[in-house]
Amino acid sequence: MFALPFEPASPGEARAKIASALADHGVPQSVIDDAVLVVSELVTNGIRHGAPRPDGTLEVAWRTFESLVQVAVVDGGTVSTLEPLQLNDVSLSGRGLHIVNFVADSWRVESDGGTRIVADLTF
């Protein structure tokens with residue numbers, strides 16, 4: 001688990017840290033790549049649409065199980081449900097949750113001490 005500043009540069013830092021942590025735990029590279037993409041989208045969404053935690057940060061956490069990687073991003077917002085946005089052919093943004101929905105095996109919103117988005121990736 002690590003905290004990141006609530007700022008636009010944080011998705012890049014999150015990608016680097018999660019990739020390194022999962023590699024250290026022997027997670028297959030294809031799952032690392034998917035987890036990096038999911039975390040990047042969730043951190044970006046948290047910064048764009050959420051709120052900072054009281055200390056001005058957002059949190060990225062992960063857990064590994066036998067054949068599962070679980071990643072989570074927590075901001076200080078109060079959203080209890082999220083849905084991917086309706087898109088059209090000319091939408092320049094709004095694809096983050098569609099990407100998470102496609103890449104992750106499952107994802108959910110938990111609202112305990114902020115908005116926590118948890119995504120599961122199996123291998």
# chains A, B, ... in the order shown; residues from 1 in each chain; ligands from 1

$ select_by_dssp --residues "chain A" --states "alpha helix (DSSP H)" --output "NGL selection string"
:A and (10-24 or 29-49 or 96-103)

$ select_by_dssp --residues "stretch 6-84 of chain A" --states "strand (DSSP E or B)" --output "list in words"
Thr57, Leu58, Glu59, Val60, Ala61, Trp62, Arg63, Thr64, Leu68, Val69, Gln70, Val71, Ala72, Val73, Val74 and Asp75 of chain A

$ closest_residue --among "A:Leu58, A:Ala72, A:Val38, A:Ile47" --to "A:Val100" --atoms "only C-alpha atoms"
A:Val38

$ residues_around --residues "A:Ala3" --least-positions-apart "5" --cutoff "9 Å" --atoms "only C-alpha atoms" --output "PyMOL selection string"
chain A and resi 57-61

$ residues_around --residues "A:Val71" --least-positions-apart "5" --cutoff "6 Å" --atoms "only C-alpha atoms" --output "PDB file with N, CA and C atoms, in the first residue's frame"
ATOM      1  N   ALA A  61      -3.529   0.211  -3.179  1.00  0.00           N
ATOM      2  CA  ALA A  61      -3.208  -1.003  -2.426  1.00  0.00           C
ATOM      3  C   ALA A  61      -3.316  -2.205  -3.351  1.00  0.00           C
ATOM      4  N   TRP A  62      -2.659  -3.289  -2.971  1.00  0.00           N
ATOM      5  CA  TRP A  62      -2.747  -4.529  -3.738  1.00  0.00           C
ATOM      6  C   TRP A  62      -2.547  -5.695  -2.800  1.00  0.00           C
ATOM      7  N   VAL A 118     -12.172  -1.542  -6.099  1.00  0.00           N
ATOM      8  CA  VAL A 118     -11.382  -2.766  -6.001  1.00  0.00           C
ATOM      9  C   VAL A 118     -11.568  -3.557  -7.300  1.00  0.00           C
ATOM     10  N   ALA A 119     -10.463  -3.987  -7.882  1.00  0.00           N
ATOM     11  CA  ALA A 119     -10.511  -4.780  -9.112  1.00  0.00           C
ATOM     12  C   ALA A 119      -9.756  -6.089  -8.903  1.00  0.00           C
TER      13      ALA A 119
END

$ closest_residue --among "A:Gly46, A:Pro54, A:Pro84, A:Gly26" --to "A:Leu97" --atoms "only C-alpha atoms"
A:Pro84

$ closest_residue --among "A:Ala104, A:Val36, A:Leu42, A:Leu121" --to "A:Glu66" --atoms "only C-alpha atoms"
A:Leu121

$ atom_distance --atom1 "atom CA of A:Val43" --atom2 "atom CA of A:Lys17"
12.6 Å

$ atom_distance --atom1 "atom CA of A:Trp107" --atom2 "atom CA of A:Gly56"
24.9 Å

$ residues_around --residues "A:Gly12" --least-positions-apart "5" --cutoff "12 Å" --atoms "only C-alpha atoms" --output "list in words"
Leu4, Pro5, Glu7, Lys17, Ile18, Ala19, Val36, Leu37, Val39, Ser40, Glu41, Leu42, Val43 and Thr44 of chain A
